[in-house]
file target-v5.cif (mmCIF, C-alpha atoms, pLDDT in the B column; chains and numbers go by the auth columns)
data_query
#
loop_
_atom_site.group_PDB
_atom_site.id
_atom_site.type_symbol
_atom_site.label_atom_id
_atom_site.label_comp_id
_atom_site.label_asym_id
_atom_site.label_seq_id
_atom_site.Cartn_x
_atom_site.Cartn_y
_atom_site.Cartn_z
_atom_site.B_iso_or_equiv
_atom_site.auth_seq_id
_atom_site.auth_asym_id
ATOM 1 C CA MET A 1 -20.943 -31.799 31.866 56.00 19 A
ATOM 2 C CA LEU A 2 -19.234 -30.421 28.740 61.00 20 A
ATOM 3 C CA PRO A 3 -22.405 -28.756 27.373 68.00 21 A
ATOM 4 C CA LEU A 4 -22.902 -27.057 30.749 67.00 22 A
ATOM 5 C CA VAL A 5 -19.342 -25.646 30.714 63.00 23 A
ATOM 6 C CA ALA A 6 -19.750 -24.555 27.099 66.00 24 A
ATOM 7 C CA LYS A 7 -22.979 -22.721 27.994 65.00 25 A
ATOM 8 C CA MET A 8 -21.207 -20.883 30.828 61.00 26 A
ATOM 9 C CA PHE A 9 -18.645 -19.349 28.453 63.00 27 A
ATOM 10 C CA GLU A 10 -20.852 -19.038 25.380 65.00 28 A
ATOM 11 C CA ASN A 11 -21.460 -15.265 25.548 61.00 29 A
ATOM 12 C CA SER A 12 -18.473 -14.126 27.564 57.00 30 A
ATOM 13 C CA ASN A 13 -15.181 -12.575 26.567 59.00 31 A
ATOM 14 C CA PHE A 14 -13.345 -15.126 28.683 56.00 32 A
ATOM 15 C CA GLN A 15 -9.837 -15.860 27.506 59.00 33 A
ATOM 16 C CA PHE A 16 -6.800 -17.457 29.015 64.00 34 A
ATOM 17 C CA ASP A 17 -3.926 -15.041 29.545 73.00 35 A
ATOM 18 C CA LEU A 18 -1.287 -17.398 28.223 83.00 36 A
ATOM 19 C CA PHE A 19 0.660 -14.617 26.503 83.00 37 A
ATOM 20 C CA ASN A 20 1.736 -11.150 27.604 84.00 38 A
ATOM 21 C CA GLN A 21 0.977 -8.042 25.494 85.00 39 A
ATOM 22 C CA ASN A 22 4.275 -8.210 23.571 85.00 40 A
ATOM 23 C CA GLU A 23 3.783 -11.868 22.733 85.00 41 A
ATOM 24 C CA LYS A 24 0.231 -11.132 21.579 87.00 42 A
ATOM 25 C CA LYS A 25 1.584 -8.469 19.192 88.00 43 A
ATOM 26 C CA ILE A 26 3.940 -11.033 17.646 87.00 44 A
ATOM 27 C CA ILE A 27 1.141 -13.591 17.294 89.00 45 A
ATOM 28 C CA ASP A 28 -1.133 -10.948 15.748 89.00 46 A
ATOM 29 C CA ALA A 29 1.597 -10.145 13.219 88.00 47 A
ATOM 30 C CA LEU A 30 1.929 -13.839 12.361 90.00 48 A
ATOM 31 C CA ASN A 31 -1.821 -14.033 11.763 91.00 49 A
ATOM 32 C CA ASP A 32 -1.927 -10.882 9.617 88.00 50 A
ATOM 33 C CA ASP A 33 -2.221 -11.965 5.979 87.00 51 A
ATOM 34 C CA LEU A 34 -0.694 -8.675 4.810 84.00 52 A
ATOM 35 C CA SER A 35 2.591 -9.318 6.640 85.00 53 A
ATOM 36 C CA LYS A 36 5.345 -10.322 4.256 87.00 54 A
ATOM 37 C CA GLU A 37 8.234 -10.444 6.715 89.00 55 A
ATOM 38 C CA ILE A 38 8.438 -10.420 10.500 90.00 56 A
ATOM 39 C CA LYS A 39 11.730 -9.878 12.287 91.00 57 A
ATOM 40 C CA VAL A 40 11.933 -10.142 16.068 90.00 58 A
ATOM 41 C CA THR A 41 15.059 -8.964 17.884 91.00 59 A
ATOM 42 C CA LYS A 42 15.469 -9.424 21.619 88.00 60 A
ATOM 43 C CA HIS A 43 17.911 -7.045 23.319 88.00 61 A
ATOM 44 C CA HIS A 44 20.052 -7.655 26.420 92.00 62 A
ATOM 45 C CA SER A 45 17.792 -5.231 28.295 92.00 63 A
ATOM 46 C CA GLY A 46 14.840 -7.544 27.680 85.00 64 A
ATOM 47 C CA ASP A 47 13.227 -5.136 25.208 89.00 65 A
ATOM 48 C CA ILE A 48 12.004 -6.572 21.931 88.00 66 A
ATOM 49 C CA THR A 49 12.133 -4.892 18.528 91.00 67 A
ATOM 50 C CA LEU A 50 9.463 -6.043 16.087 90.00 68 A
ATOM 51 C CA ASN A 51 10.084 -5.116 12.434 90.00 69 A
ATOM 52 C CA LEU A 52 7.120 -5.801 10.168 88.00 70 A
ATOM 53 C CA THR A 53 7.208 -5.613 6.392 87.00 71 A
ATOM 54 C CA PHE A 54 4.004 -5.228 4.416 83.00 72 A
ATOM 55 C CA GLU A 55 3.764 -5.316 0.654 80.00 73 A
ATOM 56 C CA ALA A 56 1.128 -3.803 -1.610 80.00 74 A
ATOM 57 C CA ASP A 57 0.862 -4.918 -5.204 81.00 75 A
ATOM 58 C CA VAL A 58 0.028 -1.813 -7.267 84.00 76 A
ATOM 59 C CA LYS A 59 -0.809 -2.365 -10.929 89.00 77 A
ATOM 60 C CA ASN A 60 -1.908 -0.645 -14.115 91.00 78 A
ATOM 61 C CA GLU A 61 -2.737 3.077 -13.880 92.00 79 A
ATOM 62 C CA HIS A 62 -1.980 3.284 -10.164 89.00 80 A
ATOM 63 C CA ALA A 63 1.492 1.839 -10.798 87.00 81 A
ATOM 64 C CA LYS A 64 2.133 4.374 -13.555 89.00 82 A
ATOM 65 C CA GLU A 65 1.055 7.236 -11.311 90.00 83 A
ATOM 66 C CA VAL A 66 3.219 6.142 -8.362 85.00 84 A
ATOM 67 C CA ARG A 67 6.220 5.630 -10.661 85.00 85 A
ATOM 68 C CA ARG A 68 5.691 9.093 -12.168 87.00 86 A
ATOM 69 C CA ILE A 69 5.421 10.778 -8.757 87.00 87 A
ATOM 70 C CA LEU A 70 8.542 9.052 -7.407 84.00 88 A
ATOM 71 C CA GLY A 71 10.500 9.339 -10.656 83.00 89 A
ATOM 72 C CA LEU A 72 11.474 5.666 -10.689 82.00 90 A
ATOM 73 C CA LYS A 73 13.023 3.844 -13.600 82.00 91 A
ATOM 74 C CA GLN A 74 12.947 0.098 -14.215 80.00 92 A
ATOM 75 C CA TYR A 75 14.494 -2.001 -11.440 78.00 93 A
ATOM 76 C CA GLU A 76 14.759 0.903 -9.011 82.00 94 A
ATOM 77 C CA LYS A 77 13.650 0.612 -5.415 84.00 95 A
ATOM 78 C CA ILE A 78 12.714 3.422 -3.082 83.00 96 A
ATOM 79 C CA GLU A 79 12.371 3.355 0.685 83.00 97 A
ATOM 80 C CA LEU A 80 10.818 6.187 2.682 83.00 98 A
ATOM 81 C CA VAL A 81 11.566 6.514 6.370 84.00 99 A
ATOM 82 C CA TYR A 82 9.159 8.829 8.167 83.00 100 A
ATOM 83 C CA ARG A 83 10.909 10.382 11.173 86.00 101 A
ATOM 84 C CA ASN A 84 8.463 13.161 12.074 88.00 102 A
ATOM 85 C CA GLU A 85 6.398 15.949 10.494 85.00 103 A
ATOM 86 C CA LYS A 86 9.502 17.734 9.188 86.00 104 A
ATOM 87 C CA HIS A 87 11.884 14.874 8.450 88.00 105 A
ATOM 88 C CA LEU A 88 11.815 12.119 5.801 85.00 106 A
ATOM 89 C CA ILE A 89 14.666 9.893 4.701 84.00 107 A
ATOM 90 C CA ILE A 90 14.567 8.617 1.121 82.00 108 A
ATOM 91 C CA ASN A 91 16.736 5.692 0.058 83.00 109 A
ATOM 92 C CA ASN A 92 16.800 4.983 -3.666 82.00 110 A
ATOM 93 C CA THR A 93 18.375 1.715 -4.809 85.00 111 A
ATOM 94 C CA ARG A 94 19.037 0.890 -8.443 82.00 112 A
ATOM 95 C CA LYS A 95 19.887 -2.528 -9.831 80.00 113 A
ATOM 96 C CA GLU A 96 22.335 -2.680 -12.699 76.00 114 A
ATOM 97 C CA ILE A 97 23.653 -5.794 -14.377 74.00 115 A
ATOM 98 C CA LEU A 98 27.156 -5.332 -15.754 78.00 116 A
ATOM 99 C CA LYS A 99 27.811 -7.763 -18.574 84.00 117 A
ATOM 100 C CA LYS A 100 31.153 -9.513 -18.748 82.00 118 A
ATOM 101 C CA GLU A 101 33.389 -7.885 -21.347 78.00 119 A
#

call {"tool": "encode", "arguments": {"input": "target-v5.cif", "output": "C-alpha coordinates"}}
result
Amino acid sequence: MLPLVAKMFENSNFQFDLFNQNEKKIIDALNDDLSKEIKVTKHHSGDITLNLTFEADVKNEHAKEVRRILGLKQYEKIELVYRNEKHLIINNTRKEILKKE
(Lines of atoms letter the chains of each structure in order from A and count residues from 1; the text may use other names and numbers.)
(Lines give C-alpha, C1' and ligand atoms only; values in the text may rest on other atoms or scores of the structure.)
Protein backbone atom coordinates (compact mmCIF):
# COMPACT_ATOMS: atom_id res chain seq x y z
CA MET A 1 0.00 0.00 0.00
CA LEU A 2 2.76 2.47 0.92
CA PRO A 3 4.55 2.20 -2.46
CA LEU A 4 1.23 2.90 -4.20
CA VAL A 5 0.65 6.07 -2.13
CA ALA A 6 4.24 7.17 -2.70
CA LYS A 7 3.79 6.73 -6.47
CA MET A 8 0.65 8.89 -6.40
CA PHE A 9 2.53 11.88 -4.95
CA GLU A 10 5.90 11.26 -6.59
CA ASN A 11 5.69 13.97 -9.28
CA SER A 12 3.18 16.34 -7.73
CA ASN A 13 3.59 19.59 -5.85
CA PHE A 14 1.31 18.29 -3.12
CA GLN A 15 1.95 19.81 0.27
CA PHE A 16 0.05 20.04 3.49
CA ASP A 17 -1.02 23.57 4.37
CA LEU A 18 -0.04 23.30 8.01
CA PHE A 19 1.25 26.88 8.17
CA ASN A 20 -0.14 30.18 6.92
CA GLN A 21 1.94 32.55 4.74
CA ASN A 22 3.33 34.51 7.72
CA GLU A 23 4.37 31.34 9.52
CA LYS A 24 6.04 30.08 6.34
CA LYS A 25 8.08 33.31 6.15
CA ILE A 26 9.34 32.73 9.70
CA ILE A 27 10.22 29.10 8.95
CA ASP A 28 12.00 30.17 5.75
CA ALA A 29 14.04 32.67 7.76
CA LEU A 30 14.97 29.95 10.25
CA ASN A 31 16.16 27.74 7.39
CA ASP A 32 18.17 30.52 5.72
CA ASP A 33 21.85 29.91 6.49
CA LEU A 34 22.64 33.60 5.96
CA SER A 35 20.34 34.71 8.79
CA LYS A 36 22.30 35.73 11.86
CA GLU A 37 19.43 36.96 14.01
CA ILE A 38 15.66 36.64 13.75
CA LYS A 39 13.36 38.72 15.92
CA VAL A 40 9.60 38.17 15.83
CA THR A 41 7.28 40.67 17.49
CA LYS A 42 3.54 40.07 17.69
CA HIS A 43 1.39 43.19 18.12
CA HIS A 44 -1.98 43.52 19.87
CA SER A 45 -3.57 44.00 16.45
CA GLY A 46 -2.41 40.52 15.45
CA ASP A 47 0.19 41.87 13.02
CA ILE A 48 3.67 40.41 13.21
CA THR A 49 6.95 42.26 12.71
CA LEU A 50 9.82 40.11 11.47
CA ASN A 51 13.29 41.66 11.82
CA LEU A 52 16.02 39.71 10.06
CA THR A 53 19.72 40.37 10.42
CA PHE A 54 22.16 39.11 7.82
CA GLU A 55 25.91 39.36 8.07
CA ALA A 56 28.50 39.38 5.31
CA ASP A 57 32.14 38.76 6.12
CA VAL A 58 34.18 41.07 3.87
CA LYS A 59 37.95 40.59 3.90
CA ASN A 60 41.20 41.76 2.36
CA GLU A 61 40.96 44.30 -0.48
CA HIS A 62 37.16 44.45 -0.38
CA ALA A 63 37.30 45.31 3.33
CA LYS A 64 39.82 48.07 2.68
CA GLU A 65 37.67 49.53 -0.08
CA VAL A 66 34.46 49.50 1.99
CA ARG A 67 36.28 51.06 4.96
CA ARG A 68 37.72 53.77 2.70
CA ILE A 69 34.33 54.58 1.14
CA LEU A 70 32.57 54.77 4.52
CA GLY A 71 35.46 56.50 6.29
CA LEU A 72 35.48 54.06 9.20
CA LYS A 73 38.18 53.80 11.81
CA GLN A 74 38.94 50.77 13.98
CA TYR A 75 36.04 49.60 16.14
CA GLU A 76 33.49 51.82 14.43
CA LYS A 77 30.13 50.52 13.31
CA ILE A 78 27.86 52.00 10.69
CA GLU A 79 24.20 51.30 10.05
CA LEU A 80 22.37 52.49 6.94
CA VAL A 81 18.60 52.73 6.97
CA TYR A 82 17.11 53.04 3.49
CA ARG A 83 13.81 54.93 3.69
CA ASN A 84 13.20 55.71 0.01
CA GLU A 85 14.98 57.01 -3.10
CA LYS A 86 15.71 60.38 -1.47
CA HIS A 87 16.18 59.48 2.18
CA LEU A 88 18.91 57.51 4.00
CA ILE A 89 19.63 57.44 7.71
CA ILE A 90 23.23 56.78 8.74
CA ASN A 91 24.05 55.75 12.30
CA ASN A 92 27.74 55.65 13.16
CA THR A 93 28.74 54.02 16.44
CA ARG A 94 32.26 54.16 17.84
CA LYS A 95 33.62 52.02 20.65
CA GLU A 96 36.08 53.62 23.02
CA ILE A 97 37.65 52.03 26.06
CA LEU A 98 38.44 54.55 28.78
CA LYS A 99 41.21 53.28 31.02
CA LYS A 100 40.92 53.76 34.75
CA GLU A 101 43.08 56.67 35.90

call {"tool": "atom_distance", "arguments": {"input": "target-v5.cif", "atom1": "atom CA of Lys54 of chain A", "atom2": "atom CA of Val76 of chain A"}}
result
15.3 Å

call {"tool": "atom_distance", "arguments": {"input": "target-v5.cif", "atom1": "atom CA of Ile96 of chain A", "atom2": "atom CA of Glu83 of chain A"}}
result
14.8 Å

call {"tool": "closest_residue", "arguments": {"input": "target-v5.cif", "among": "A:Asn109, A:Gln92, A:Asn102, A:Thr71", "to": "Ser53 of chain A", "atoms": "only C-alpha atoms"}}
result
A:Thr71

call {"tool": "closest_residue", "arguments": {"input": "target-v5.cif", "among": "A:Leu98, A:His80, A:Phe37, A:Thr59", "to": "Asn110 of chain A", "atoms": "only C-alpha atoms"}}
result
A:Leu98

call {"tool": "atom_distance", "arguments": {"input": "target-v5.cif", "atom1": "atom CA of Lys113 of chain A", "atom2": "atom CA of Arg101 of chain A"}}
result
26.2 Å

call {"tool": "axis_aligned_box", "arguments": {"input": "target-v5.cif", "around": "segment 80-99 of chain A", "padding_each_side": "6 Å", "output": "AutoDock Vina command-line options"}}
result
--center_x 6.4 --center_y 4.4 --center_z -3.9 --size_x 28.7 --size_y 24.8 --size_z 32.6

call {"tool": "resolve_selection", "arguments": {"input": "target-v5.cif", "expression": "the PyMOL selection byres ((chain A and resi 52) around 10)", "output": "PyMOL selection string"}}
result
chain A and resi 47-51+53-55+70-74

call {"tool": "resolve_selection", "arguments": {"input": "target-v5.cif", "expression": "the PyMOL selection byres ((chain A and resi 94) around 6)", "output": "PyMOL selection string"}}
result
chain A and resi 91-93+95+111-112
